[in-house]
file start.tsv (TSV, C-alpha atoms)
chain	number	residue	atom	x	y	z
A	1	MET	CA	-23.45	27.24	-43.39
A	2	LEU	CA	-21.08	26.05	-40.69
A	3	ARG	CA	-23.95	24.88	-38.53
A	4	ARG	CA	-25.44	22.81	-41.34
A	5	ARG	CA	-22.08	21.18	-42.11
A	6	PHE	CA	-21.66	20.47	-38.40
A	7	ILE	CA	-24.99	18.68	-38.18
A	8	GLN	CA	-24.57	16.75	-41.43
A	9	GLY	CA	-20.99	15.77	-40.78
A	10	VAL	CA	-21.37	14.50	-37.25
A	11	ALA	CA	-24.76	12.82	-37.60
A	12	THR	CA	-23.28	10.18	-39.89
A	13	GLY	CA	-20.95	9.05	-37.12
A	14	VAL	CA	-23.45	8.77	-34.26
A	15	ALA	CA	-25.45	5.63	-33.68
A	16	GLY	CA	-29.22	5.73	-33.18
A	17	LEU	CA	-30.87	4.96	-29.87
A	18	TRP	CA	-31.26	1.27	-29.10
A	19	LEU	CA	-34.87	0.49	-28.37
A	20	PRO	CA	-35.15	-3.00	-26.86
A	21	SER	CA	-38.29	-5.12	-26.87
A	22	VAL	CA	-40.12	-4.96	-23.56
A	23	TYR	CA	-41.95	-8.27	-23.84
A	24	GLY	CA	-41.14	-10.86	-21.21
A	25	LEU	CA	-39.22	-8.43	-18.99
A	26	THR	CA	-39.76	-7.75	-15.30
A	27	PHE	CA	-40.16	-4.13	-14.29
A	28	ASP	CA	-36.64	-4.02	-12.85
A	29	GLU	CA	-35.22	-5.49	-16.08
A	30	TYR	CA	-37.21	-3.01	-18.16
A	31	LYS	CA	-36.05	-0.10	-16.00
A	32	ALA	CA	-32.45	-1.29	-16.37
A	33	GLN	CA	-32.80	-1.33	-20.16
A	34	GLN	CA	-34.31	2.14	-20.12
A	35	SER	CA	-31.33	3.28	-18.06
A	36	THR	CA	-29.02	1.74	-20.67
A	37	SER	CA	-30.89	3.66	-23.37
A	38	PHE	CA	-30.40	6.88	-21.44
A	39	GLN	CA	-26.67	6.19	-21.12
A	40	ASP	CA	-26.55	5.93	-24.91
A	41	TYR	CA	-28.51	9.19	-25.21
A	42	LYS	CA	-26.22	10.82	-22.65
A	43	ALA	CA	-23.12	9.73	-24.58
A	44	ARG	CA	-24.51	11.15	-27.81
A	45	PHE	CA	-25.47	14.39	-26.07
A	46	LYS	CA	-21.98	14.84	-24.63
A	47	ALA	CA	-20.38	13.95	-27.98
A	48	ALA	CA	-22.50	16.60	-29.70
A	49	GLU	CA	-21.48	19.19	-27.11
A	50	LEU	CA	-17.80	18.33	-27.56
A	51	VAL	CA	-17.92	18.59	-31.33
A	52	PHE	CA	-19.85	21.86	-31.31
A	53	SER	CA	-17.47	23.26	-28.68
A	54	SER	CA	-14.59	22.40	-30.99
A	55	GLU	CA	-16.27	24.35	-33.80
A	56	ILE	CA	-16.79	27.33	-31.49
A	57	ARG	CA	-13.14	27.38	-30.40
A	58	GLN	CA	-12.08	27.99	-33.97
A	59	HIS	CA	-13.67	31.43	-33.53
A	60	TRP	CA	-13.60	32.07	-29.77
A	61	MET	CA	-11.06	31.37	-27.04
A	62	THR	CA	-13.79	29.88	-24.83
A	63	ALA	CA	-16.74	27.78	-25.92
A	64	GLU	CA	-19.79	28.86	-23.93
A	65	LEU	CA	-22.86	26.65	-24.11
A	66	SER	CA	-26.35	26.83	-22.64
A	67	SER	CA	-26.75	25.70	-19.03
A	68	SER	CA	-29.32	25.66	-16.24
A	69	TYR	CA	-29.20	29.44	-15.74
A	70	GLN	CA	-27.86	30.61	-19.10
A	71	PHE	CA	-29.22	30.54	-22.62
A	72	VAL	CA	-26.45	30.85	-25.21
A	73	GLN	CA	-26.90	31.15	-28.97
A	74	TYR	CA	-24.44	31.67	-31.85
A	75	SER	CA	-24.97	33.01	-35.33
A	76	ASN	CA	-24.68	30.53	-38.19
A	77	ASP	CA	-21.13	31.73	-38.96
A	78	LEU	CA	-20.29	31.62	-35.20
A	79	TRP	CA	-18.89	35.19	-35.17
A	80	LEU	CA	-21.75	36.45	-33.00
A	81	ARG	CA	-22.64	35.20	-29.53
A	82	SER	CA	-25.78	36.05	-27.53
A	83	LYS	CA	-26.13	35.06	-23.90
A	84	VAL	CA	-28.93	35.54	-21.37
A	85	ASP	CA	-27.87	34.86	-17.78
A	86	PHE	CA	-31.08	34.54	-15.79
A	87	GLU	CA	-29.24	34.24	-12.47
A	88	ALA	CA	-26.98	37.28	-12.98
A	89	GLY	CA	-29.81	39.19	-14.66
A	90	THR	CA	-27.86	40.16	-17.78
A	91	ILE	CA	-27.85	39.89	-21.55
A	92	THR	CA	-24.39	39.77	-23.11
A	93	LEU	CA	-23.91	40.29	-26.86
A	94	GLU	CA	-20.48	39.77	-28.41
A	95	ALA	CA	-19.60	40.33	-32.05
A	96	GLN	CA	-16.42	39.93	-34.06
A	97	GLY	CA	-16.37	42.14	-37.15
A	98	SER	CA	-14.00	43.85	-39.56
A	99	SER	CA	-14.73	47.21	-37.90
A	100	PRO	CA	-16.44	48.59	-34.79
A	101	ALA	CA	-19.26	49.84	-36.99
A	102	GLU	CA	-19.85	46.39	-38.45
A	103	SER	CA	-19.77	44.80	-34.98
A	104	GLY	CA	-22.21	47.41	-33.67
A	105	LYS	CA	-24.61	46.66	-36.51
A	106	LYS	CA	-24.40	42.93	-35.74
A	107	ILE	CA	-25.14	43.54	-32.07
A	108	LYS	CA	-28.21	45.64	-32.82
A	109	GLN	CA	-29.57	42.93	-35.08
A	110	ALA	CA	-28.70	40.23	-32.52
A	111	LEU	CA	-30.65	42.06	-29.83
A	112	GLN	CA	-33.62	42.48	-32.16
A	113	ASP	CA	-33.52	38.76	-32.97
A	114	LEU	CA	-33.21	37.81	-29.31
A	115	LEU	CA	-36.24	39.90	-28.34
A	116	GLY	CA	-38.29	38.09	-30.98
A	117	LEU	CA	-36.94	34.62	-30.22
A	118	ASP	CA	-39.28	31.95	-28.85
A	119	THR	CA	-38.45	28.59	-27.31
A	120	GLN	CA	-39.54	26.64	-30.38
A	121	GLN	CA	-37.07	28.56	-32.55
A	122	ALA	CA	-34.35	28.31	-29.90
A	123	TYR	CA	-34.74	24.53	-29.77
A	124	SER	CA	-34.81	24.17	-33.55
A	125	ASN	CA	-31.70	26.37	-33.92
A	126	ASP	CA	-29.67	24.49	-31.29
A	127	PRO	CA	-26.92	22.53	-33.11
A	128	VAL	CA	-26.39	20.15	-30.18
A	129	GLN	CA	-30.07	19.27	-29.89
A	130	GLN	CA	-30.44	19.02	-33.67
A	131	LEU	CA	-27.71	16.41	-33.76
A	132	VAL	CA	-29.06	14.39	-30.84
A	133	ASP	CA	-32.60	14.40	-32.24
A	134	ARG	CA	-31.40	13.52	-35.72
A	135	SER	CA	-29.44	10.52	-34.48
A	136	ASP	CA	-32.29	9.37	-32.24
A	137	ALA	CA	-34.09	6.54	-34.00
A	138	LYS	CA	-37.28	7.24	-32.10
A	139	GLY	CA	-37.17	10.99	-32.59
A	140	ASN	CA	-39.17	13.63	-30.73
A	141	ALA	CA	-42.89	13.52	-31.34
A	142	LYS	CA	-43.44	16.54	-29.11
A	143	VAL	CA	-42.97	20.02	-30.50
A	144	VAL	CA	-41.52	22.63	-28.17
A	145	PRO	CA	-44.21	25.30	-27.60
A	146	LYS	CA	-43.71	28.93	-28.56
A	147	GLN	CA	-42.79	30.90	-25.47
A	148	PRO	CA	-40.63	34.06	-25.37
A	149	VAL	CA	-37.09	33.45	-24.21
A	150	VAL	CA	-36.56	37.02	-23.00
A	151	GLY	CA	-38.75	39.30	-25.15
A	152	ASP	CA	-41.58	39.20	-22.63
A	153	LEU	CA	-39.38	41.22	-20.27
A	154	TYR	CA	-39.06	44.11	-22.77
A	155	GLN	CA	-42.56	44.63	-24.08
A	156	GLY	CA	-42.96	48.15	-25.47
A	157	VAL	CA	-39.24	48.93	-25.20
A	158	SER	CA	-37.19	49.58	-28.35
A	159	VAL	CA	-33.73	48.23	-29.14
A	160	ALA	CA	-32.35	51.77	-29.04
A	161	GLU	CA	-33.77	52.35	-25.55
A	162	ILE	CA	-32.29	49.09	-24.28
A	163	LEU	CA	-28.85	49.80	-25.76
A	164	ALA	CA	-28.83	53.33	-24.38
A	165	THR	CA	-28.13	52.04	-20.87
A	166	ALA	CA	-25.85	49.14	-21.88
A	167	LYS	CA	-22.21	48.76	-20.89
A	168	ILE	CA	-20.07	48.71	-24.06
A	169	SER	CA	-16.46	47.57	-24.36
A	170	ILE	CA	-13.90	46.25	-26.86
A	171	GLU	CA	-12.11	43.08	-25.81
A	172	GLU	CA	-9.56	40.75	-27.35
A	173	ASP	CA	-10.39	37.23	-28.41
A	174	ARG	CA	-9.54	35.45	-31.66
A	175	LYS	CA	-10.33	38.86	-33.11
A	176	PRO	CA	-11.27	42.16	-31.45
A	177	VAL	CA	-14.72	41.75	-29.93
A	178	ALA	CA	-17.39	44.37	-29.41
A	179	LYS	CA	-19.13	43.42	-26.16
A	180	VAL	CA	-22.41	44.82	-24.86
A	181	VAL	CA	-23.81	43.94	-21.42
A	182	ILE	CA	-27.44	44.78	-20.69
A	183	LYS	CA	-29.11	44.49	-17.30
A	184	LEU	CA	-32.44	42.67	-17.32
A	185	PRO	CA	-35.32	44.85	-16.08
A	186	GLU	CA	-35.91	44.97	-12.34
A	187	GLY	CA	-38.29	42.23	-11.25
A	188	SER	CA	-37.48	39.96	-14.19
A	189	THR	CA	-37.24	36.83	-12.05
A	190	SER	CA	-40.62	37.51	-10.46
A	191	LYS	CA	-42.19	38.18	-13.85
A	192	LYS	CA	-40.86	34.91	-15.24
A	193	ALA	CA	-42.01	33.05	-12.13
A	194	SER	CA	-45.55	34.42	-12.36
A	195	GLN	CA	-46.04	32.74	-15.75
A	196	TYR	CA	-45.98	29.31	-14.09
A	197	LYS	CA	-47.95	30.03	-10.92
A	198	VAL	CA	-51.23	28.52	-12.13
A	199	MET	CA	-49.56	25.34	-13.41
A	200	VAL	CA	-47.59	24.97	-10.20
A	201	GLU	CA	-50.68	25.38	-8.01
A	202	LYS	CA	-52.54	22.79	-10.11
A	203	TYR	CA	-49.90	20.07	-9.84
A	204	ALA	CA	-48.82	20.89	-6.30
A	205	ALA	CA	-52.43	20.43	-5.15
A	206	LYS	CA	-52.72	17.18	-7.10
A	207	GLU	CA	-49.52	15.82	-5.52
A	208	LYS	CA	-50.34	17.17	-2.04
A	209	ILE	CA	-47.17	19.21	-1.75
A	210	SER	CA	-46.53	22.89	-1.19
A	211	ALA	CA	-46.74	25.16	-4.24
A	212	ALA	CA	-44.08	27.31	-2.56
A	213	LEU	CA	-41.77	24.28	-2.54
A	214	VAL	CA	-42.27	23.68	-6.27
A	215	MET	CA	-41.65	27.34	-7.07
A	216	ALA	CA	-38.54	27.49	-4.87
A	217	VAL	CA	-37.14	24.34	-6.48
A	218	MET	CA	-37.83	25.75	-9.95
A	219	HIS	CA	-36.21	29.06	-9.00
A	220	THR	CA	-33.09	27.28	-7.74
A	221	GLU	CA	-32.90	24.77	-10.59
A	222	SER	CA	-33.28	27.15	-13.53
A	223	TYR	CA	-34.06	30.74	-12.46
A	224	PHE	CA	-37.09	30.22	-14.75
A	225	ASN	CA	-34.87	29.93	-17.83
A	226	PRO	CA	-37.31	28.38	-20.36
A	227	MET	CA	-34.41	26.71	-22.23
A	228	ALA	CA	-32.57	25.41	-19.15
A	229	ARG	CA	-30.39	22.35	-19.54
A	230	SER	CA	-27.39	20.92	-17.75
A	231	HIS	CA	-24.46	18.72	-18.75
A	232	ILE	CA	-25.98	15.69	-16.96
A	233	PRO	CA	-28.18	16.21	-19.11
A	234	ALA	CA	-31.26	17.52	-17.34
A	235	PHE	CA	-33.88	19.62	-19.10
A	236	GLY	CA	-36.44	22.32	-18.48
A	237	LEU	CA	-37.64	24.51	-15.66
A	238	MET	CA	-37.28	21.89	-12.92
A	239	GLN	CA	-34.23	20.25	-14.50
A	240	ILE	CA	-35.66	16.77	-14.91
A	241	VAL	CA	-33.05	14.05	-15.45
A	242	PRO	CA	-34.62	11.53	-17.85
A	243	GLU	CA	-32.94	8.54	-16.18
A	244	SER	CA	-33.84	9.19	-12.53
A	245	ALA	CA	-36.77	11.56	-12.06
A	246	GLY	CA	-37.99	10.85	-15.60
A	247	LEU	CA	-38.22	7.08	-15.14
A	248	ASP	CA	-39.73	7.32	-11.67
A	249	THR	CA	-42.36	9.90	-12.57
A	250	THR	CA	-43.45	8.25	-15.82
A	251	GLN	CA	-43.94	4.99	-13.91
A	252	TYR	CA	-45.88	6.85	-11.21
A	253	LEU	CA	-47.99	8.96	-13.59
A	254	SER	CA	-48.71	6.48	-16.37
A	255	GLY	CA	-47.78	3.06	-15.01
A	256	LYS	CA	-44.93	2.66	-17.48
A	257	ALA	CA	-41.35	3.84	-16.94
A	258	ARG	CA	-39.81	5.44	-20.01
A	259	ILE	CA	-37.12	7.89	-21.00
A	260	MET	CA	-38.49	11.42	-21.50
A	261	ARG	CA	-37.00	13.36	-24.39
A	262	ALA	CA	-35.72	16.93	-24.29
A	263	ALA	CA	-38.54	18.30	-26.46
A	264	GLU	CA	-41.05	16.77	-24.07
A	265	LEU	CA	-39.35	18.23	-21.00
A	266	TYR	CA	-39.32	21.69	-22.60
A	267	GLN	CA	-43.12	21.59	-22.37
A	268	PRO	CA	-43.61	23.74	-19.24
A	269	GLU	CA	-46.68	21.83	-18.07
A	270	THR	CA	-45.06	18.42	-18.58
A	271	ASN	CA	-41.93	19.58	-16.79
A	272	ILE	CA	-43.81	21.03	-13.83
A	273	GLN	CA	-46.06	17.98	-13.60
A	274	SER	CA	-42.99	15.72	-13.56
A	275	GLY	CA	-41.15	17.86	-11.01
A	276	ALA	CA	-44.15	17.96	-8.68
A	277	ALA	CA	-44.64	14.21	-9.07
A	278	TYR	CA	-41.00	13.55	-8.21
A	279	LEU	CA	-41.27	15.71	-5.08
A	280	HIS	CA	-44.37	13.68	-4.16
A	281	LEU	CA	-42.48	10.40	-4.59
A	282	LEU	CA	-39.59	11.64	-2.48
A	283	TYR	CA	-41.79	12.95	0.32
A	284	TYR	CA	-44.52	10.30	0.45
A	285	ARG	CA	-42.69	7.19	-0.73
A	286	TYR	CA	-38.88	7.21	-0.62
A	287	LEU	CA	-38.60	9.20	2.62
A	288	SER	CA	-41.86	8.09	4.23
A	289	HIS	CA	-40.11	6.56	7.25
A	290	ILE	CA	-39.18	10.06	8.46
A	291	ASP	CA	-41.89	11.00	10.95
A	292	ASP	CA	-41.60	14.77	11.37
A	293	PRO	CA	-43.01	16.59	8.29
A	294	VAL	CA	-40.47	19.42	8.50
A	295	SER	CA	-37.53	17.02	8.83
A	296	ARG	CA	-38.91	15.08	5.87
A	297	LEU	CA	-39.24	18.31	3.88
A	298	TYR	CA	-35.58	19.17	4.42
A	299	CYS	CA	-34.58	15.67	3.32
A	300	THR	CA	-36.89	15.89	0.29
A	301	ILE	CA	-35.27	19.14	-0.86
A	302	ALA	CA	-31.80	17.65	-0.56
A	303	ALA	CA	-32.90	14.42	-2.27
A	304	TYR	CA	-34.31	16.32	-5.25
A	305	ASN	CA	-30.77	17.50	-5.92
A	306	THR	CA	-28.69	14.47	-4.95
A	307	GLY	CA	-31.00	11.47	-4.48
A	308	ALA	CA	-32.47	9.85	-1.38
A	309	GLY	CA	-29.49	7.49	-1.09
A	310	ASN	CA	-27.03	10.35	-0.61
A	311	VAL	CA	-29.31	11.90	2.00
A	312	ALA	CA	-29.26	8.62	3.91
A	313	ARG	CA	-25.47	8.39	3.51
A	314	SER	CA	-25.03	11.75	5.23
A	315	PHE	CA	-26.50	10.23	8.42
A	316	THR	CA	-25.28	6.63	8.42
A	317	GLY	CA	-22.61	6.30	5.74
A	318	ARG	CA	-24.96	3.99	3.85
A	319	THR	CA	-27.70	4.53	1.26
A	320	ASN	CA	-30.43	2.69	3.18
A	321	VAL	CA	-33.13	5.31	3.86
A	322	GLY	CA	-34.91	3.17	6.46
A	323	GLN	CA	-31.78	2.93	8.58
A	324	ALA	CA	-31.15	6.66	8.24
A	325	ALA	CA	-34.75	7.42	9.27
A	326	VAL	CA	-34.15	5.80	12.66
A	327	MET	CA	-31.41	8.37	13.35
A	328	ILE	CA	-33.34	11.26	11.78
A	329	ASN	CA	-36.41	10.53	13.94
A	330	ARG	CA	-34.33	11.08	17.07
A	331	LEU	CA	-33.52	14.65	16.00
A	332	GLN	CA	-35.47	17.89	15.97
A	333	PRO	CA	-36.10	19.43	12.52
A	334	GLN	CA	-33.51	22.18	13.04
A	335	GLN	CA	-30.98	19.52	14.00
A	336	VAL	CA	-31.78	17.61	10.83
A	337	TYR	CA	-31.29	20.76	8.76
A	338	THR	CA	-27.99	21.57	10.46
A	339	HIS	CA	-26.77	17.99	10.02
A	340	LEU	CA	-27.62	18.02	6.30
A	341	ARG	CA	-25.91	21.38	5.80
A	342	LYS	CA	-22.73	19.99	7.37
A	343	ASN	CA	-22.72	16.38	6.18
A	344	LEU	CA	-24.32	16.09	2.73
A	345	PRO	CA	-21.62	14.69	0.41
A	346	TYR	CA	-21.58	17.61	-2.04
A	347	THR	CA	-21.20	21.34	-1.44
A	348	GLU	CA	-23.69	21.95	-4.25
A	349	THR	CA	-26.38	20.02	-2.37
A	350	ARG	CA	-25.60	21.70	0.95
A	351	ASP	CA	-26.01	25.10	-0.70
A	352	TYR	CA	-29.07	23.88	-2.63
A	353	LEU	CA	-30.86	22.99	0.60
A	354	GLU	CA	-30.26	26.47	1.99
A	355	LYS	CA	-31.35	28.23	-1.21
A	356	VAL	CA	-34.59	26.30	-1.67
A	357	THR	CA	-35.52	26.55	2.01
A	358	ASN	CA	-34.99	30.32	2.02
A	359	ARG	CA	-36.74	30.87	-1.30
A	360	MET	CA	-39.92	29.14	-0.20
A	361	ALA	CA	-40.71	32.31	1.73
A	362	LEU	CA	-40.81	34.24	-1.56
A	363	TYR	CA	-43.70	32.09	-2.79
A	364	THR	CA	-45.70	31.62	0.41
A	365	ALA	CA	-48.94	33.55	0.26
call {"tool": "encode", "arguments": {"input": "start.tsv", "output": "structure tokens"}}
result
Amino acid sequence: MLRRRFIQGVATGVAGLWLPSVYGLTFDEYKAQQSTSFQDYKARFKAAELVFSSEIRQHWMTAELSSSYQFVQYSNDLWLRSKVDFEAGTITLEAQGSSPAESGKKIKQALQDLLGLDTQQAYSNDPVQQLVDRSDAKGNAKVVPKQPVVGDLYQGVSVAEILATAKISIEEDRKPVAKVVIKLPEGSTSKKASQYKVMVEKYAAKEKISAALVMAVMHTESYFNPMARSHIPAFGLMQIVPESAGLDTTQYLSGKARIMRAAELYQPETNIQSGAAYLHLLYYRYLSHIDDPVSRLYCTIAAYNTGAGNVARSFTGRTNVGQAAVMINRLQPQQVYTHLRKNLPYTETRDYLEKVTNRMALYTA
């Protein structure tokens, strides 16, 4: 199989993760070494994505990979592509075949497989993650739990019924492509969100933060895509970056900073616990000099996306949060919000603040 050759061929050329001894190190030195380990992991992750993308482009004009909002999977021979876009609310199935009939048959089977797919299978079938895990000397002790990727949204609905309302077209790529676009059922985002409500309430209460905040962050980070990941890389529902949020939360929760692996962050409870803990650290520790709770909330939301240093920079041009707090404390909360929306260094973060703030209303009882 192409996928098997890909994994076997590339794994021989990727070094394992360096795991330094921690004895005799200060915490700052240990954290620096953990950061170095993550940079090695990050390099291997990006290398795996590049190589797999190259394989895909032998069959498709564009290599599409999974992201925060999208789950993308290819058949072993790479002639079939399945994509769930949780933000757009669509499933897209594309098949290259020798005839329309053959492509149609492939698409039907692909939809059937997708409806039965769980997160454990999706993780195990992911060529990029297979390669990274295989070249990781420490490996992944955690096993990704079995959770439907999208089948839970179609309980009691047949493949034929789903395809009956699909948009079908023939497009040109490396070969003619049969393309089927299916709209996710109405209320899909709410249904996905409801699966995590109990976990969110548990860890929000423990960390003394709003459950609505956690839900709104999760909504904005992943649209409740159970296989969410970004190029950074960040993993899981709340898009935890192992180097930043991962190190800080493991130190806070267990007293020892460590790099969290992808398989661990695909555990919904671990991911939500880590995300809630990071929001706690931002609100109660890193931004504690901000007096007004609403002003501090706005800064916490922005910092979750870009870091507390960049929030401070938007006010003073420097990353010192204490100095920025002096200026922030002179402003009313709405003024703080308006300032952040205009002056945060990245458009993504400015938009992120607006989205999370607005979405909190969706999850406020």
call {"tool": "residues_near_point", "arguments": {"input": "start.tsv", "point": "(-28.3, 34.7, -18.7)", "cutoff": "12 Å", "atoms": "all atoms listed in the file", "output": "PyMOL selection string"}}
result
chain A and resi 64-73+82-93+149-150+181-184+188-189+222-228
call {"tool": "write_last_selection", "arguments": {"input": "start.tsv", "atoms": "C-alpha atoms", "output": "PDB file, keeping the file's coordinate frame"}}
result
ATOM      1  CA  GLU A  64     -19.790  28.860 -23.930  1.00  0.00           C
ATOM      2  CA  LEU A  65     -22.860  26.650 -24.110  1.00  0.00           C
ATOM      3  CA  SER A  66     -26.350  26.830 -22.640  1.00  0.00           C
ATOM      4  CA  SER A  67     -26.750  25.700 -19.030  1.00  0.00           C
ATOM      5  CA  SER A  68     -29.320  25.660 -16.240  1.00  0.00           C
ATOM      6  CA  TYR A  69     -29.200  29.440 -15.740  1.00  0.00           C
ATOM      7  CA  GLN A  70     -27.860  30.610 -19.100  1.00  0.00           C
ATOM      8  CA  PHE A  71     -29.220  30.540 -22.620  1.00  0.00           C
ATOM      9  CA  VAL A  72     -26.450  30.850 -25.210  1.00  0.00           C
ATOM     10  CA  GLN A  73     -26.900  31.150 -28.970  1.00  0.00           C
ATOM     11  CA  SER A  82     -25.780  36.050 -27.530  1.00  0.00           C
ATOM     12  CA  LYS A  83     -26.130  35.060 -23.900  1.00  0.00           C
ATOM     13  CA  VAL A  84     -28.930  35.540 -21.370  1.00  0.00           C
ATOM     14  CA  ASP A  85     -27.870  34.860 -17.780  1.00  0.00           C
ATOM     15  CA  PHE A  86     -31.080  34.540 -15.790  1.00  0.00           C
ATOM     16  CA  GLU A  87     -29.240  34.240 -12.470  1.00  0.00           C
ATOM     17  CA  ALA A  88     -26.980  37.280 -12.980  1.00  0.00           C
ATOM     18  CA  GLY A  89     -29.810  39.190 -14.660  1.00  0.00           C
ATOM     19  CA  THR A  90     -27.860  40.160 -17.780  1.00  0.00           C
ATOM     20  CA  ILE A  91     -27.850  39.890 -21.550  1.00  0.00           C
ATOM     21  CA  THR A  92     -24.390  39.770 -23.110  1.00  0.00           C
ATOM     22  CA  LEU A  93     -23.910  40.290 -26.860  1.00  0.00           C
ATOM     23  CA  VAL A 149     -37.090  33.450 -24.210  1.00  0.00           C
ATOM     24  CA  VAL A 150     -36.560  37.020 -23.000  1.00  0.00           C
ATOM     25  CA  VAL A 181     -23.810  43.940 -21.420  1.00  0.00           C
ATOM     26  CA  ILE A 182     -27.440  44.780 -20.690  1.00  0.00           C
ATOM     27  CA  LYS A 183     -29.110  44.490 -17.300  1.00  0.00           C
ATOM     28  CA  LEU A 184     -32.440  42.670 -17.320  1.00  0.00           C
ATOM     29  CA  SER A 188     -37.480  39.960 -14.190  1.00  0.00           C
ATOM     30  CA  THR A 189     -37.240  36.830 -12.050  1.00  0.00           C
ATOM     31  CA  SER A 222     -33.280  27.150 -13.530  1.00  0.00           C
ATOM     32  CA  TYR A 223     -34.060  30.740 -12.460  1.00  0.00           C
ATOM     33  CA  PHE A 224     -37.090  30.220 -14.750  1.00  0.00           C
ATOM     34  CA  ASN A 225     -34.870  29.930 -17.830  1.00  0.00           C
ATOM     35  CA  PRO A 226     -37.310  28.380 -20.360  1.00  0.00           C
ATOM     36  CA  MET A 227     -34.410  26.710 -22.230  1.00  0.00           C
ATOM     37  CA  ALA A 228     -32.570  25.410 -19.150  1.00  0.00           C
TER      38      ALA A 228
END
call {"tool": "residues_around", "arguments": {"input": "start.tsv", "residues": "Arg261 (chain A)", "least_positions_apart": "2", "cutoff": "12 Å", "atoms": "all atoms listed in the file", "output": "ChimeraX atom specification"}}
result
/A:17,37-38,41-42,45,129,132-133,136,138-144,233-236,240-243,246-247,250,258-259,263-267,270-271
call {"tool": "write_last_selection", "arguments": {"input": "start.tsv", "atoms": "C-alpha atoms", "output": "PDB file, in the frame of the given file"}}
result
ATOM      1  CA  LEU A  17     -30.870   4.960 -29.870  1.00  0.00           C
ATOM      2  CA  SER A  37     -30.890   3.660 -23.370  1.00  0.00           C
ATOM      3  CA  PHE A  38     -30.400   6.880 -21.440  1.00  0.00           C
ATOM      4  CA  TYR A  41     -28.510   9.190 -25.210  1.00  0.00           C
ATOM      5  CA  LYS A  42     -26.220  10.820 -22.650  1.00  0.00           C
ATOM      6  CA  PHE A  45     -25.470  14.390 -26.070  1.00  0.00           C
ATOM      7  CA  GLN A 129     -30.070  19.270 -29.890  1.00  0.00           C
ATOM      8  CA  VAL A 132     -29.060  14.390 -30.840  1.00  0.00           C
ATOM      9  CA  ASP A 133     -32.600  14.400 -32.240  1.00  0.00           C
ATOM     10  CA  ASP A 136     -32.290   9.370 -32.240  1.00  0.00           C
ATOM     11  CA  LYS A 138     -37.280   7.240 -32.100  1.00  0.00           C
ATOM     12  CA  GLY A 139     -37.170  10.990 -32.590  1.00  0.00           C
ATOM     13  CA  ASN A 140     -39.170  13.630 -30.730  1.00  0.00           C
ATOM     14  CA  ALA A 141     -42.890  13.520 -31.340  1.00  0.00           C
ATOM     15  CA  LYS A 142     -43.440  16.540 -29.110  1.00  0.00           C
ATOM     16  CA  VAL A 143     -42.970  20.020 -30.500  1.00  0.00           C
ATOM     17  CA  VAL A 144     -41.520  22.630 -28.170  1.00  0.00           C
ATOM     18  CA  PRO A 233     -28.180  16.210 -19.110  1.00  0.00           C
ATOM     19  CA  ALA A 234     -31.260  17.520 -17.340  1.00  0.00           C
ATOM     20  CA  PHE A 235     -33.880  19.620 -19.100  1.00  0.00           C
ATOM     21  CA  GLY A 236     -36.440  22.320 -18.480  1.00  0.00           C
ATOM     22  CA  ILE A 240     -35.660  16.770 -14.910  1.00  0.00           C
ATOM     23  CA  VAL A 241     -33.050  14.050 -15.450  1.00  0.00           C
ATOM     24  CA  PRO A 242     -34.620  11.530 -17.850  1.00  0.00           C
ATOM     25  CA  GLU A 243     -32.940   8.540 -16.180  1.00  0.00           C
ATOM     26  CA  GLY A 246     -37.990  10.850 -15.600  1.00  0.00           C
ATOM     27  CA  LEU A 247     -38.220   7.080 -15.140  1.00  0.00           C
ATOM     28  CA  THR A 250     -43.450   8.250 -15.820  1.00  0.00           C
ATOM     29  CA  ARG A 258     -39.810   5.440 -20.010  1.00  0.00           C
ATOM     30  CA  ILE A 259     -37.120   7.890 -21.000  1.00  0.00           C
ATOM     31  CA  ALA A 263     -38.540  18.300 -26.460  1.00  0.00           C
ATOM     32  CA  GLU A 264     -41.050  16.770 -24.070  1.00  0.00           C
ATOM     33  CA  LEU A 265     -39.350  18.230 -21.000  1.00  0.00           C
ATOM     34  CA  TYR A 266     -39.320  21.690 -22.600  1.00  0.00           C
ATOM     35  CA  GLN A 267     -43.120  21.590 -22.370  1.00  0.00           C
ATOM     36  CA  THR A 270     -45.060  18.420 -18.580  1.00  0.00           C
ATOM     37  CA  ASN A 271     -41.930  19.580 -16.790  1.00  0.00           C
TER      38      ASN A 271
END
call {"tool": "residues_around", "arguments": {"input": "start.tsv", "residues": "Val294 (chain A)", "least_positions_apart": "6", "cutoff": "12 Å", "atoms": "only C-alpha atoms", "output": "PyMOL selection string"}}
result
chain A and resi 210+283+287+300-301+328-329+331-337+357
call {"tool": "closest_residue", "arguments": {"input": "start.tsv", "among": "A:Met360, A:Ala43, A:Ile56, A:Val214", "to": "His280 (chain A)", "atoms": "only C-alpha atoms"}}
result
A:Val214
call {"tool": "closest_residue", "arguments": {"input": "start.tsv", "among": "A:Gln96, A:Asp351, A:Ile290, A:Thr220", "to": "Ile170 (chain A)", "atoms": "only C-alpha atoms"}}
result
A:Gln96
call {"tool": "closest_residue", "arguments": {"input": "start.tsv", "among": "A:Ser295, A:Asn343, A:Gln273, A:Asn310", "to": "Ala205 (chain A)", "atoms": "all atoms listed in the file"}}
result
A:Gln273
call {"tool": "residues_around", "arguments": {"input": "start.tsv", "residues": "Gly317 (chain A)", "least_positions_apart": "4", "cutoff": "12 Å", "atoms": "only C-alpha atoms", "output": "list of chain:residue names"}}
result
A:Gly309, A:Asn310, A:Val311, A:Ala312, A:Arg313, A:Val321, A:Gln323, A:Ala324, A:Met327, A:Asn343, A:Leu344, A:Pro345
call {"tool": "closest_residue", "arguments": {"input": "start.tsv", "among": "A:Val326, A:Ala178, A:Ile209, A:Ala308", "to": "Thr349 (chain A)", "atoms": "all atoms listed in the file"}}
result
A:Ala308
